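Report on one structure; see the data block that follows.
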Number of protein chains: 4
Amino acid sequence: MLKIRLVIAGLLISVSLVNAQTDNGVMRMDEFRRPRKRQIIQIPDVGGFKTLKCDFHMHTMFSDGLVWPTVRVQEAWQEGLDVMAITDHIEYTPHSVDVNVNHNRPWELAKDVAAENNIVFIKGTEITRQTPPGHFNAIFIGDASGYIEDREGNEKDKEAVMKAAGQDAFIFWNHPGWQVDRIEGSYEWIELIDQLYKEKVLDGIEVINGFGFHKKALDWCVDNDLTVLGTTDVHNIIGYDYELGDYVHRSMTLVFAKERTAESVREALEAGRTVAWASKYIAGKEEHVRNLFNACVETGSRFYSKGDRDYFEIKNNSDIYFEMILKEGEGTGKITLYPRSSQIITAQSGQAGLVYDVVTAFIRSDKHLSVYIPLRTD
Amino acid sequence: MLKIRLVIAGLLISVSLVNAQTDNGVMRMDEFRRPRKRQIIQIPDVGGFKTLKCDFHMHTMFSDGLVWPTVRVQEAWQEGLDVMAITDHIEYTPHSVDVNVNHNRPWELAKDVAAENNIVFIKGTEITRQTPPGHFNAIFIGDASGYIEDREGNEKDKEAVMKAAGQDAFIFWNHPGWQVDRIEGSYEWIELIDQLYKEKVLDGIEVINGFGFHKKALDWCVDNDLTVLGTTDVHNIIGYDYELGDYVHRSMTLVFAKERTAESVREALEAGRTVAWASKYIAGKEEHVRNLFNACVETGSRFYSKGDRDYFEIKNNSDIYFEMILKEGEGTGKITLYPRSSQIITAQSGQAGLVYDVVTAFIRSDKHLSVYIPLRTD
Amino acid sequence: MLKIRLVIAGLLISVSLVNAQTDNGVMRMDEFRRPRKRQIIQIPDVGGFKTLKCDFHMHTMFSDGLVWPTVRVQEAWQEGLDVMAITDHIEYTPHSVDVNVNHNRPWELAKDVAAENNIVFIKGTEITRQTPPGHFNAIFIGDASGYIEDREGNEKDKEAVMKAAGQDAFIFWNHPGWQVDRIEGSYEWIELIDQLYKEKVLDGIEVINGFGFHKKALDWCVDNDLTVLGTTDVHNIIGYDYELGDYVHRSMTLVFAKERTAESVREALEAGRTVAWASKYIAGKEEHVRNLFNACVETGSRFYSKGDRDYFEIKNNSDIYFEMILKEGEGTGKITLYPRSSQIITAQSGQAGLVYDVVTAFIRSDKHLSVYIPLRTD
Amino acid sequence: MLKIRLVIAGLLISVSLVNAQTDNGVMRMDEFRRPRKRQIIQIPDVGGFKTLKCDFHMHTMFSDGLVWPTVRVQEAWQEGLDVMAITDHIEYTPHSVDVNVNHNRPWELAKDVAAENNIVFIKGTEITRQTPPGHFNAIFIGDASGYIEDREGNEKDKEAVMKAAGQDAFIFWNHPGWQVDRIEGSYEWIELIDQLYKEKVLDGIEVINGFGFHKKALDWCVDNDLTVLGTTDVHNIIGYDYELGDYVHRSMTLVFAKERTAESVREALEAGRTVAWASKYIAGKEEHVRNLFNACVETGSRFYSKGDRDYFEIKNNSDIYFEMILKEGEGTGKITLYPRSSQIITAQSGQAGLVYDVVTAFIRSDKHLSVYIPLRTD
């Protein structure tokens, strides 16, 4: 057997041999394993609410996804999500030759693992109609069997959605601009959506779906008081789709909830307290985007002056990225607030504040959040 | 020619806005996607043979793995493997409530994707007996149905393996030290293995399985002329198990083959031309480990002298990590050759060469590769 | 509003061409620049004090360092330091052929840049005697000229230190175990140190200097109520010495101060409210190490139970790494709290808490911090 | 003293304690050090010439740089440069209050360190006139003293350059588009340049300087047979300017030389065998850019067919990034060849080849390299 002699007070120690733990006949090389840990996505609580990181749209091999349901929990845990829903397609199960169709199974298979990992797990499904209207997600559903599985024609589109409504589900329209290239002009607020909206069946819209920001959907949410959602709609492994790192997280919905419970998530979704987040961009209703910005970004008092310039430090205490362009006042023209970092800005002395457009934060399809940066000299 | 005219109203261009490509109502944020590419693992060809990177032991949700078979191809492609086999368990199918048992399906579902991605895909399975003897992998098999599924008792262990032998499969004993803690003392060259070996049914042994280096297995391979194998035995996502990066790759077998074809892989495996690789460690028969080292590492002629010290540059043209400790001669005591990098070493003038132990390269359980580093002054 | 119109002759947009901004004859490739930002080192405030990140020991080319003084400010800003001192050697100026000796110049050259970057900049120097006693740092000094420059013999060692004492400097003994290999046995609490200590001239000791943890110094600080310091003693570029990243920061002193001012730093240093930090290790007096741990690590209430096991989530809200080994109670045996991440632990039901040794936190040379992890079921 | 007990055959080993090497009273934490290594930039040799990675434009604190000359060698070594020149300003020495002006000192101080690190070190300087004409680099110079130091007025511009010419230096015009915003219209081929060119004093032009691609300079080199150069013009630390990583290297000149010697570099420069490289972009004369592309990129024979599509693998065996847009034929529209990786492309069957524009490779200011990708079916 290999003998490892550590002459602790001597000169040469082969670190690699030391690292490689040895026991009876098997050398363990666990230093090459990926560490097991749940990353904390750093976003402060907002306005007395807890900021929950949520993804309400994911697939598994029970519809057209490529992973076992528990993998979705594993990914969510590693990436620091608080809340998740698996929403496999009702009407589309291309693996059915090998996998028995059972729309309740993803939930059943993953729920204990979610519970053990302190993930709030919400039962959901995707109602998968032809486009238009396309797809709807229903979360907080009951029994996932008994939904309408026939997707031919548009006759049953409404009926399919009403099944979820009958279960008192929270229902949102998915990626309205999907396949937009096949649609003449662009995607629209179609008749069925209008009906569902007026009958208070439709609760929200996916403004961000994966790597697509469906801008018109943001306006519809703002104008009609629908809830803004951001999701992955992931089918493959998250790490295959996303270049995860300091600047890139999976697309998600930030939910500002009273508690970290399914009930509170539901309450917050119904109240529309959300912001959709996609790596460097956020989108939502002005009130929530503004509150989020204010919770994350902090401007200190003047710490230095030179000539007629005052110096200020502006800190981003979050994992969100903000890029700001000066609109009013005399000061630094562009500020890039990388995650968990600060910048020094300067401003002409004697001003009470500056106005910036946060060009990575959308409050309408064509409007950025405008923020006032106070210049305190106390 | 491609003409791009940026017509901009204003001086400052927000790079992030530019990055986010815009089309009719949907802003694309593809800059956050993980790039699609096949990484080249850089290891030179060895002694006239192509160095193929191979993993012959992987699982999918058709036995106890967590991914759809095509994910294994996708991972292999991204990570730069040349050759792969999916080897789901015959006797262990814990997902059978949901997934119809069919031992040929992983192969059927993945083979076209493998072909499209230029991966040499070899049909295989894992014969999963109680420990001891434990598990065997059979690759280059025929029909995967009709194998013995009953794993109770040891009566049928040999019969189960002989089914694969009847298909002229290449058969290796998996992770012989698995569950070693349950075995009194350590794992051993047991009677069944001896029979299979003598009857020329057993072709090789897993010396490296995932993060375990089964050291006694290396000696058995060396002493009995069995083929050395290194595999992942992956069940989860590769990126979940491995901290992939410059120093960490999945565990694998380097096969020195005449061509990049299944036939050549088979020939090389039978000829025993392999080295097992696990991130910072390699293990194999001395001849192959030495040839591999020599193909990767190159020592230049003396480029400088100061006093009685000569200076040499030693280059590692590969993605393998080598750590070397001086055994004979007067020179640099320890050399760490990180992937694709070089080091300067110095030596007392007047020596023809130095002898180092490559402490990350094993040619027996208790023996490192010893290399002669020539000190040329031409 | 900023309008960007991309008028393109063709369908495919080359993102890289878009990224490369163009103006009159010069294409800018700023996407390859390192972003300008000040990283926030995340460590919560501790016990009502601000946690300031400080490095009180650095060199420039005015003694034997390799960079211009402003580079030290630049590095400090990028890495998120709050407080810094440049402490070039008085008695050792090997660049004096090219650089005019002037011990006040590093301070003069860097102080405006420090002010503009919101760095608390403290004037200092290194009194560089032969070993033993070796070197002392004096910070909060006055004029750096007029110090004793003759370092031959030990006669003037005390006098050299007393020069700083005469300026009411804060004085600490540097890296007491430096060159320990040249000393018989080990380094010791020598007569001169004892004198300086008894005369209240010595205020603290470097327990961590770069990559060395001088363990005996920790005991001396604890037993004699001296202040614990951690510094880089950097001569080269920080990024050349340190593999900066999520787990590696420069070695530093965490100072728990009332305000982020030089005066408050002085008060805190004199009160001994410090912890030395070197990447994965912290060292200090028990009170401060414990308070720091408690500020960083938070254990939630039981969130799940299965059989006789309760589940808890333990969060590390800091950039410090903690590794914990169970000492009392029935629960998870080892907990690794990576920066900004959490772990799930389980414990036998019915216990009020568990006791762990934080093996990466030293409160004496031979003693780790012992912590009580409460297991709340509310 | 801390006792570390390694129970090798036991269960729990605290890796962190093991990693931290201990000797008499000082615990070493060398695992946080940046590894010492010279990265190999992987670019194949081209057309029988060695591909040397060269930077001929760097500053130190002897003019307006921020580092000691040896730091430039250290950086060059780590980053894998073969050849370097330090070219401090003659006419601009803002540190002269502290640093004695001596234009030969950077060379003298760094040359032994360069020799020990196997770096080909070429003596140079920057002749720093007002703009226009701006700055010239002279490399392969003799004594750097005695140059004209007066930079006022344009009367002595030519004389200043002729001093270098008198030493038989290789002379190139630096960053001609620098301060272009101050110039009416754009930068131009001015009278002095024309004179120097016609008198054969001017040998080349910086086409790439740091993060600027001076596009008109490329045309001037092509049309007048001047040598294309790419340099950093670094003043700060390289790692402060560049986000070094897989896709980002310092800007440099690739020189195709007969040998890795100063003489061969000179010969190659005079023969114009160069390509300028700036992270994702290359620029040079068509012949050299094409040869470089062909040395790096390799297209395999058809490995698969499906319907009327043939499949090919295209490999990039280099650290250069290539982005290609299809111009002629029916095949994959866009190919991104990341460093050391490959892509699968498909093409309509029956074609002999495809034509792509390499949009990251410039052979004129407005022209990309066009390449023919053969589609072999053997």
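By order in the structure tokens, chains are A, B, ...; within a chain, residues start at 1; ligands start at 1, following the order shown.
When chain C is least-squares superimposed on chain D using all C-alpha positions, the deviation that remains is 2.4 Å RMSD.
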**Request:** Might you pull out every residue within 10 Å of range 334-337 of chain C, with only C-alpha atoms counted and same-chain residues fewer than 4 positions away left off, and present them as a PyMOL selection string?
**Result:** (chain A and resi 35-38) or (chain C and resi 297+314-327+341-345+356-358) or (chain D and resi 12+14)
Return as a tab-separated table the residues of chain B lying at most 6 Å from chain A, together with the closest atom-to-atom pair for each and the distance in Å to one decimal, counting only C-alpha atoms, with rows in chain order and ascending residue number.
residue	atom	partner	partner_atom	distance
B:Asn24	CA	A:Ser186	CA	5.9
B:Gly25	CA	A:Lys215	CA	5.6
B:Val26	CA	A:His214	CA	4.6
B:Met27	CA	A:Phe213	CA	4.9
B:Arg28	CA	A:Gly212	CA	4.8
B:Met29	CA	A:Phe211	CA	4.9
B:Asp30	CA	A:Phe211	CA	6.0
B:Phe32	CA	A:Glu243	CA	6.0
B:Arg33	CA	A:Tyr242	CA	4.7
B:Arg34	CA	A:Glu243	CA	4.2
B:Leu66	CA	A:Trp68	CA	5.1
B:Val67	CA	A:Val67	CA	4.4
B:Trp68	CA	A:Leu66	CA	5.1
B:Asp98	CA	A:Asn100	CA	5.3
B:Val99	CA	A:Val99	CA	4.5
B:Asn100	CA	A:Asp98	CA	5.3
B:Ser186	CA	A:Asn24	CA	6.0
B:Phe211	CA	A:Met29	CA	4.9
B:Gly212	CA	A:Arg28	CA	4.8
B:Phe213	CA	A:Met27	CA	4.9
B:His214	CA	A:Val26	CA	4.6
B:Lys215	CA	A:Gly25	CA	5.6
B:Asp241	CA	A:Arg34	CA	5.5
B:Tyr242	CA	A:Arg33	CA	4.7
B:Glu243	CA	A:Arg34	CA	4.2
B:Asp366	CA	A:Leu2	CA	4.3
**DSSP strand (DSSP E or B) residues within range 42-244 of chain D, listed as a ChimeraX atom specification** = /D:46,49-55,58,67,83-86,89,99,120-128,135-139,170-173,204-209,212-214,227-231,234,242
**Request:** Name the residues in contact with Thr125 in chain B at a cut-off of 7 Å, using only C-alpha atoms, excluding same-chain residues fewer than 5 positions from it; report them as a PyMOL selection string.
**Result:** chain B and resi 86-90+137-139
